[in-house]
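Colleague: What follows is coords.tsv, made up of TSV, C-alpha atoms:
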chain	number	residue	atom	x	y	z
U	1	MET	CA	110.20	100.40	103.34
U	2	LEU	CA	108.79	100.92	106.84
U	3	ILE	CA	105.61	103.00	107.15
U	4	GLU	CA	104.56	103.69	110.76
U	5	HIS	CA	101.75	105.47	112.59
U	6	GLU	CA	100.04	106.76	109.45
U	7	THR	CA	96.34	107.11	108.79
U	8	PHE	CA	94.95	106.66	105.30
U	9	GLY	CA	91.34	107.72	104.79
U	10	PRO	CA	88.98	109.57	102.47
U	11	GLU	CA	90.94	112.81	102.88
U	12	THR	CA	94.36	111.31	102.14
U	13	GLY	CA	93.45	108.31	100.01
U	14	PRO	CA	95.59	105.18	100.09
U	15	PRO	CA	99.38	105.47	100.13
U	16	ARG	CA	100.57	106.95	96.84
U	17	GLY	CA	103.91	106.92	95.12
U	18	ARG	CA	105.11	104.11	97.32
U	19	SER	CA	105.69	100.51	96.43
U	20	TRP	CA	103.33	98.46	98.57
U	21	ASP	CA	104.73	95.11	97.49
U	22	ASP	CA	107.66	95.26	99.91
U	23	ALA	CA	106.30	97.79	102.43
U	24	VAL	CA	105.92	97.06	106.11
U	25	PHE	CA	102.93	98.93	107.56
U	26	ARG	CA	103.20	99.14	111.36
U	27	TRP	CA	100.51	100.68	113.53
U	28	CYS	CA	98.73	102.22	110.54
U	29	ASN	CA	95.01	102.85	110.06
U	30	PHE	CA	93.16	102.45	106.78
U	31	ALA	CA	89.55	103.72	106.84
U	32	GLN	CA	86.77	104.18	104.30
U	33	LEU	CA	88.95	103.50	101.27
U	34	GLU	CA	88.35	101.93	97.89
U	35	ILE	CA	91.49	100.11	96.77
U	36	GLU	CA	91.87	98.38	93.44
U	37	GLY	CA	94.40	95.69	92.56
U	38	GLN	CA	97.13	96.70	94.96
U	39	MET	CA	99.64	94.09	96.11
U	40	ILE	CA	101.06	93.86	99.62
U	41	GLY	CA	104.03	91.53	99.95
U	42	GLY	CA	105.63	92.88	103.13
U	43	ALA	CA	103.65	93.09	106.35
U	44	LEU	CA	100.70	94.60	108.17
U	45	LEU	CA	101.66	94.77	111.87
U	46	GLY	CA	99.26	96.11	114.49
U	47	CYS	CA	97.15	97.86	111.86
U	48	GLU	CA	93.42	98.50	111.61
U	49	LEU	CA	91.44	98.43	108.37
U	50	ARG	CA	87.90	99.76	108.71
U	51	GLU	CA	85.31	99.96	105.93
U	52	VAL	CA	87.87	99.24	103.23
U	53	ASP	CA	86.49	98.00	99.89
U	54	TRP	CA	89.37	96.08	98.29
U	55	TYR	CA	88.91	94.92	94.70
U	56	ARG	CA	91.22	92.15	93.44
U	57	GLY	CA	93.88	92.78	96.05
U	58	LEU	CA	96.87	90.51	96.21
U	59	PHE	CA	98.51	89.61	99.49
U	60	ASN	CA	101.57	87.60	98.48
U	61	THR	CA	103.81	86.10	101.21
U	62	THR	CA	102.48	88.81	103.51
U	63	LEU	CA	102.84	88.67	107.28
U	64	ILE	CA	99.63	90.00	108.83
U	65	SER	CA	99.94	90.14	112.61
U	66	HIS	CA	97.80	91.67	115.36
U	67	THR	CA	95.73	93.44	112.70
U	68	THR	CA	91.99	94.11	112.84
U	69	PHE	CA	89.65	94.25	109.85
U	70	LYS	CA	86.22	95.81	110.52
U	71	SER	CA	83.37	95.97	107.99
U	72	CYS	CA	85.72	95.39	105.04
U	73	ILE	CA	84.71	93.99	101.67
U	74	PHE	CA	87.20	91.93	99.70
U	75	ARG	CA	86.19	91.36	96.06
U	76	GLY	CA	88.20	88.61	94.38
U	77	THR	CA	91.13	89.22	96.70
U	78	SER	CA	93.86	86.58	96.95
U	79	LEU	CA	96.00	85.63	99.93
U	80	GLY	CA	98.87	83.43	98.80
U	81	SER	CA	101.49	81.95	101.13
U	82	CYS	CA	100.56	84.44	103.85
U	83	GLU	CA	100.80	84.18	107.62
U	84	LEU	CA	97.92	85.63	109.65
U	85	VAL	CA	98.75	85.69	113.36
U	86	VAL	CA	96.38	86.89	116.09
U	87	CYS	CA	94.17	88.90	113.71
U	88	ARG	CA	90.50	89.76	113.93
U	89	PHE	CA	87.91	90.02	111.15
U	90	GLU	CA	84.58	91.59	112.15
U	91	ASP	CA	81.61	91.99	109.80
U	92	CYS	CA	83.83	91.37	106.74
U	93	ARG	CA	82.69	90.00	103.39
U	94	PHE	CA	84.81	87.97	100.97
U	95	VAL	CA	82.79	88.09	97.74
U	96	LEU	CA	83.12	87.54	94.00
U	97	ASP	CA	84.76	90.17	91.80
U	98	ASN	CA	82.98	91.53	88.71
U	99	LEU	CA	84.33	88.58	86.65
U	100	GLN	CA	82.76	86.13	89.14
U	101	GLY	CA	86.14	85.20	90.63
U	102	PRO	CA	86.09	84.37	94.34
U	103	CYS	CA	88.55	85.39	97.01
U	104	LYS	CA	91.24	82.79	97.50
U	105	VAL	CA	93.22	81.65	100.55
U	106	GLU	CA	96.04	79.40	99.33
U	107	ASN	CA	99.07	77.96	101.15
U	108	CYS	CA	98.46	80.21	104.16
U	109	VAL	CA	99.04	79.64	107.86
U	110	VAL	CA	96.32	81.20	110.03
U	111	VAL	CA	96.97	81.24	113.78
U	112	GLU	CA	94.66	82.37	116.61
U	113	THR	CA	92.62	84.54	114.26
U	114	ALA	CA	88.98	85.37	115.03
U	115	PHE	CA	86.20	85.71	112.46
U	116	ASP	CA	82.98	87.33	113.74
U	117	ARG	CA	79.90	87.78	111.52
U	118	CYS	CA	81.92	87.28	108.31
U	119	GLU	CA	80.76	85.95	104.95
U	120	PHE	CA	82.85	83.91	102.50
U	121	ILE	CA	81.35	83.20	99.07
U	122	ARG	CA	82.62	79.73	98.22
U	123	GLU	CA	80.55	79.00	95.13
U	124	SER	CA	81.31	80.71	91.83
U	125	PRO	CA	80.50	80.07	88.16
U	126	ARG	CA	84.19	79.28	87.66
U	127	HIS	CA	84.13	76.53	90.33
U	128	THR	CA	87.43	77.88	91.66
U	129	PRO	CA	88.26	76.58	95.15
U	130	VAL	CA	88.46	79.28	97.82
U	131	PHE	CA	90.52	77.51	100.52
U	132	VAL	CA	93.53	75.57	99.19
U	133	ASN	CA	96.31	73.92	101.25
U	134	SER	CA	95.98	76.35	104.17
U	135	ARG	CA	96.48	75.46	107.81
U	136	TRP	CA	94.38	76.83	110.67
U	137	TYR	CA	95.52	76.77	114.31
U	138	GLY	CA	93.47	77.98	117.26
U	139	CYS	CA	91.13	80.10	115.13
U	140	THR	CA	87.55	80.94	116.10
U	141	ARG	CA	84.43	81.82	114.15
U	142	ARG	CA	81.13	83.23	115.34
U	143	GLU	CA	78.03	83.79	113.22
U	144	CYS	CA	79.94	83.32	109.95
U	145	SER	CA	78.93	81.75	106.65
U	146	GLY	CA	81.28	79.98	104.28
U	147	LEU	CA	83.79	78.86	106.92
U	148	GLU	CA	81.97	75.64	107.77
U	149	GLY	CA	84.30	72.65	107.69
U	150	ILE	CA	87.44	74.78	107.33
U	151	PHE	CA	88.49	74.85	111.01
Kindly return the structure encoded in the file as structure tokens.

Modeller:
Amino acid sequence: MLIEHETFGPETGPPRGRSWDDAVFRWCNFAQLEIEGQMIGGALLGCELREVDWYRGLFNTTLISHTTFKSCIFRGTSLGSCELVVCRFEDCRFVLDNLQGPCKVENCVVVETAFDRCEFIRESPRHTPVFVNSRWYGCTRRECSGLEGIF
């Protein structure tokens, strides 16, 4: 299902009544939302997510291209077998969920993506690895913590 040029914010809430797991969001804006456990398996193309607090989200085989994330918090969110191409993360935090589970980036390909002032929590009581079998090409980081030695 293609969803284009829509804005989801505090007034509208996140998309409802739609299956996100195969949706393609193109040129959509998500702002000031709290999202819990939603799965995106399609694509985010040319989107902007600003001040989104995402708890235990699941991005599964998702294509994320030319998308910007600003001041977002990801709590125990997982990216599995995703492709991130020419994206930007600014002032984002990838932190533990309430069960002390970290965010996870596994089997992903990340290309020409910029991380500015971001924080990745890599240590957890579970000792679960955060970055597993992912490949990074032409990515940049500036004033970040938790990305040391990754690319």

Colleague: Report as a PDB file with C-alpha atoms, in the coordinates of the input all protein, DNA and RNA residues lying within 10 Å of Glu119 of chain U, evaluated on all atoms listed in the file, omitting residues in the same chain fewer than 4 positions from it.

Modeller:
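Written file, part_30.pdb:
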ATOM      1  CA  ILE U  73      84.710  93.990 101.670  1.00  0.00           C
ATOM      2  CA  GLU U  90      84.580  91.590 112.150  1.00  0.00           C
ATOM      3  CA  ASP U  91      81.610  91.990 109.800  1.00  0.00           C
ATOM      4  CA  CYS U  92      83.830  91.370 106.740  1.00  0.00           C
ATOM      5  CA  ARG U  93      82.690  90.000 103.390  1.00  0.00           C
ATOM      6  CA  PHE U  94      84.810  87.970 100.970  1.00  0.00           C
ATOM      7  CA  VAL U  95      82.790  88.090  97.740  1.00  0.00           C
ATOM      8  CA  PHE U 115      86.200  85.710 112.460  1.00  0.00           C
ATOM      9  CA  GLU U 143      78.030  83.790 113.220  1.00  0.00           C
ATOM     10  CA  CYS U 144      79.940  83.320 109.950  1.00  0.00           C
ATOM     11  CA  SER U 145      78.930  81.750 106.650  1.00  0.00           C
ATOM     12  CA  GLY U 146      81.280  79.980 104.280  1.00  0.00           C
ATOM     13  CA  LEU U 147      83.790  78.860 106.920  1.00  0.00           C
TER      14      LEU U 147
END

Colleague: For atom CA of Glu4 of chain U and atom CA of Gly76 of chain U, determine how far apart the two atoms are, in Å to one decimal place.

Modeller: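 Atom CA of Glu4 of chain U sits 27.6 Å away from atom CA of Gly76 of chain U.
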
Colleague: One decimal, in Å: what's the spacing between atom CA of Asn98 of chain U and atom CA of Thr62 of chain U?

Modeller: 24.6 Å

Colleague: Padding 6 Å on each side, edges along x, y and z: where is the centre of the box around the listed atoms of segment 38-50 of chain U, and how long are its edges in Å to one decimal? Output it as lines of an AutoDock Vina configuration file.

Modeller:
center_x = 96.8
center_y = 95.6
center_z = 104.7
size_x = 29.7
size_y = 20.2
size_z = 31.5

Colleague: Excluding Arg141 of chain U and residues on its chain fewer than 4 positions from it, collect all residues at most 9 Å away from it, counting all atoms listed in the file, and give them as a PyMOL selection string.

Modeller: chain U and resi 113-118+147+151

Colleague: Restricting the output to C-alpha atoms, write the selected residues as a compact mmCIF listing (two decimals), in the frame of the given file.

Modeller:
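To be explicit, this is the file written out as again27.txt:
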# COMPACT_ATOMS: atom_id res chain seq x y z
CA THR U 113 92.62 84.54 114.26
CA ALA U 114 88.98 85.37 115.03
CA PHE U 115 86.20 85.71 112.46
CA ASP U 116 82.98 87.33 113.74
CA ARG U 117 79.90 87.78 111.52
CA CYS U 118 81.92 87.28 108.31
CA LEU U 147 83.79 78.86 106.92
CA PHE U 151 88.49 74.85 111.01

Colleague: Grab the atom CA of Val132 of chain U to atom CA of Asn107 of chain U distance for me, in Å with one decimal place.

Modeller: 6.3 Å

Colleague: Do you know which residues are at most 9 Å from Phe59 of chain U counting only C-alpha atoms, after dropping those on the same chain fewer than 5 positions away, and could you put them as a PyMOL selection string?

Modeller: chain U and resi 21+38-42+77-82

Colleague: Would you mind exporting C-alpha atoms of the selected residues as a PDB file, in the coordinates of the input?

Modeller:
ATOM      1  CA  ASP U  21     104.730  95.110  97.490  1.00  0.00           C
ATOM      2  CA  GLN U  38      97.130  96.700  94.960  1.00  0.00           C
ATOM      3  CA  MET U  39      99.640  94.090  96.110  1.00  0.00           C
ATOM      4  CA  ILE U  40     101.060  93.860  99.620  1.00  0.00           C
ATOM      5  CA  GLY U  41     104.030  91.530  99.950  1.00  0.00           C
ATOM      6  CA  GLY U  42     105.630  92.880 103.130  1.00  0.00           C
ATOM      7  CA  THR U  77      91.130  89.220  96.700  1.00  0.00           C
ATOM      8  CA  SER U  78      93.860  86.580  96.950  1.00  0.00           C
ATOM      9  CA  LEU U  79      96.000  85.630  99.930  1.00  0.00           C
ATOM     10  CA  GLY U  80      98.870  83.430  98.800  1.00  0.00           C
ATOM     11  CA  SER U  81     101.490  81.950 101.130  1.00  0.00           C
ATOM     12  CA  CYS U  82     100.560  84.440 103.850  1.00  0.00           C
TER      13      CYS U  82
END

Colleague: Quick one: everything within 6 Å of segment 68-71 of chain U, counting only C-alpha atoms, minus sequence neighbours fewer than 5 positions away in the same chain. Send it as a list in words.

Modeller: Glu48, Leu49, Arg50, Glu51, Cys87, Arg88, Phe89, Glu90, Asp91 and Cys92 of chain U

Colleague: Which of these, U:Glu83, U:Asp53, U:Glu11, U:Glu148, has the shortest distance to Thr67 of chain U once you count only C-alpha atoms?

Modeller: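 Once distances to Thr67 of chain U are computed over only C-alpha atoms, the minimum belongs to U:Glu83.
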
Colleague: Please determine, counting only C-alpha atoms, which residue among U:Gly13, U:Gly37, U:Ser124, U:Met1 has the shortest atom-to-atom distance to Phe25 of chain U.

Modeller: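 Smallest separation from Phe25 of chain U among the options: U:Met1.
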
Colleague: Neighbouring residues of His5 of chain U were defined as those with any atom within 8 Å, considering all atoms listed in the file; residues of the same chain fewer than 5 positions away were excluded. Please report them as a list of chain:residue names.

Modeller: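 Residues meeting the cut-off are U:Arg26, U:Trp27, U:Cys28, U:Asn29.
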
Colleague: Select, from U:Pro14, U:Cys108, U:Val85, U:Gln100, the residue with the minimum atom-to-atom distance to Asn60 of chain U, counting all atoms listed in the file.

Modeller: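 Closest residue, counting all atoms listed in the file: U:Cys108.
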
Colleague: My structure is short of atoms at segment 7-31 of chain U; please model N, CA and C atoms there, returning them as a PDB file, keeping the file's coordinate frame.

Modeller:
ATOM      1  N   THR U   7      97.761 107.347 109.003  1.00  0.00           N
ATOM      2  CA  THR U   7      96.340 107.110 108.790  1.00  0.00           C
ATOM      3  C   THR U   7      96.014 107.434 107.346  1.00  0.00           C
ATOM      4  N   PHE U   8      95.355 106.493 106.697  1.00  0.00           N
ATOM      5  CA  PHE U   8      94.950 106.660 105.300  1.00  0.00           C
ATOM      6  C   PHE U   8      93.429 106.592 105.272  1.00  0.00           C
ATOM      7  N   GLY U   9      92.798 107.664 104.815  1.00  0.00           N
ATOM      8  CA  GLY U   9      91.340 107.720 104.790  1.00  0.00           C
ATOM      9  C   GLY U   9      90.843 108.483 103.593  1.00  0.00           C
ATOM     10  N   PRO U  10      89.562 108.857 103.607  1.00  0.00           N
ATOM     11  CA  PRO U  10      88.980 109.570 102.470  1.00  0.00           C
ATOM     12  C   PRO U  10      89.699 110.877 102.130  1.00  0.00           C
ATOM     13  N   GLU U  11      90.248 111.538 103.136  1.00  0.00           N
ATOM     14  CA  GLU U  11      90.940 112.810 102.880  1.00  0.00           C
ATOM     15  C   GLU U  11      92.298 112.586 102.229  1.00  0.00           C
ATOM     16  N   THR U  12      93.000 111.556 102.648  1.00  0.00           N
ATOM     17  CA  THR U  12      94.360 111.310 102.140  1.00  0.00           C
ATOM     18  C   THR U  12      94.393 110.318 100.996  1.00  0.00           C
ATOM     19  N   GLY U  13      93.416 109.414 100.958  1.00  0.00           N
ATOM     20  CA  GLY U  13      93.450 108.310 100.010  1.00  0.00           C
ATOM     21  C   GLY U  13      94.460 107.276 100.472  1.00  0.00           C
ATOM     22  N   PRO U  14      94.594 106.191  99.718  1.00  0.00           N
ATOM     23  CA  PRO U  14      95.590 105.180 100.090  1.00  0.00           C
ATOM     24  C   PRO U  14      97.004 105.706  99.858  1.00  0.00           C
ATOM     25  N   PRO U  15      97.994 105.020 100.368  1.00  0.00           N
ATOM     26  CA  PRO U  15      99.380 105.470 100.130  1.00  0.00           C
ATOM     27  C   PRO U  15      99.658 105.606  98.637  1.00  0.00           C
ATOM     28  N   ARG U  16     100.273 106.709  98.249  1.00  0.00           N
ATOM     29  CA  ARG U  16     100.570 106.950  96.840  1.00  0.00           C
ATOM     30  C   ARG U  16     102.071 107.077  96.649  1.00  0.00           C
ATOM     31  N   GLY U  17     102.512 106.736  95.462  1.00  0.00           N
ATOM     32  CA  GLY U  17     103.910 106.920  95.120  1.00  0.00           C
ATOM     33  C   GLY U  17     104.847 105.996  95.878  1.00  0.00           C
ATOM     34  N   ARG U  18     104.293 105.050  96.562  1.00  0.00           N
ATOM     35  CA  ARG U  18     105.110 104.110  97.320  1.00  0.00           C
ATOM     36  C   ARG U  18     104.843 102.707  96.806  1.00  0.00           C
ATOM     37  N   SER U  19     105.850 101.904  96.811  1.00  0.00           N
ATOM     38  CA  SER U  19     105.690 100.510  96.430  1.00  0.00           C
ATOM     39  C   SER U  19     105.131  99.749  97.622  1.00  0.00           C
ATOM     40  N   TRP U  20     103.939  99.205  97.485  1.00  0.00           N
ATOM     41  CA  TRP U  20     103.330  98.460  98.570  1.00  0.00           C
ATOM     42  C   TRP U  20     103.856  97.032  98.633  1.00  0.00           C
ATOM     43  N   ASP U  21     104.413  96.533  97.537  1.00  0.00           N
ATOM     44  CA  ASP U  21     104.730  95.110  97.490  1.00  0.00           C
ATOM     45  C   ASP U  21     105.845  94.702  98.437  1.00  0.00           C
ATOM     46  N   ASP U  22     106.658  95.622  98.911  1.00  0.00           N
ATOM     47  CA  ASP U  22     107.660  95.260  99.910  1.00  0.00           C
ATOM     48  C   ASP U  22     107.563  96.142 101.153  1.00  0.00           C
ATOM     49  N   ALA U  23     106.473  96.875 101.291  1.00  0.00           N
ATOM     50  CA  ALA U  23     106.300  97.790 102.430  1.00  0.00           C
ATOM     51  C   ALA U  23     105.897  97.030 103.685  1.00  0.00           C
ATOM     52  N   VAL U  24     106.344  97.547 104.807  1.00  0.00           N
ATOM     53  CA  VAL U  24     105.920  97.060 106.110  1.00  0.00           C
ATOM     54  C   VAL U  24     105.111  98.200 106.743  1.00  0.00           C
ATOM     55  N   PHE U  25     103.813  97.961 106.918  1.00  0.00           N
ATOM     56  CA  PHE U  25     102.930  98.930 107.560  1.00  0.00           C
ATOM     57  C   PHE U  25     102.827  98.537 109.023  1.00  0.00           C
ATOM     58  N   ARG U  26     103.263  99.430 109.926  1.00  0.00           N
ATOM     59  CA  ARG U  26     103.200  99.140 111.360  1.00  0.00           C
ATOM     60  C   ARG U  26     102.402 100.235 112.044  1.00  0.00           C
ATOM     61  N   TRP U  27     101.388  99.793 112.778  1.00  0.00           N
ATOM     62  CA  TRP U  27     100.510 100.680 113.530  1.00  0.00           C
ATOM     63  C   TRP U  27      99.855 101.741 112.635  1.00  0.00           C
ATOM     64  N   CYS U  28      99.414 101.320 111.475  1.00  0.00           N
ATOM     65  CA  CYS U  28      98.730 102.220 110.540  1.00  0.00           C
ATOM     66  C   CYS U  28      97.228 101.949 110.532  1.00  0.00           C
ATOM     67  N   ASN U  29      96.463 102.965 110.179  1.00  0.00           N
ATOM     68  CA  ASN U  29      95.010 102.850 110.060  1.00  0.00           C
ATOM     69  C   ASN U  29      94.605 103.138 108.627  1.00  0.00           C
ATOM     70  N   PHE U  30      93.739 102.278 108.102  1.00  0.00           N
ATOM     71  CA  PHE U  30      93.160 102.450 106.780  1.00  0.00           C
ATOM     72  C   PHE U  30      91.654 102.513 106.998  1.00  0.00           C
ATOM     73  N   ALA U  31      90.994 103.590 106.581  1.00  0.00           N
ATOM     74  CA  ALA U  31      89.550 103.720 106.840  1.00  0.00           C
ATOM     75  C   ALA U  31      88.831 104.292 105.633  1.00  0.00           C
TER      76      ALA U  31
END
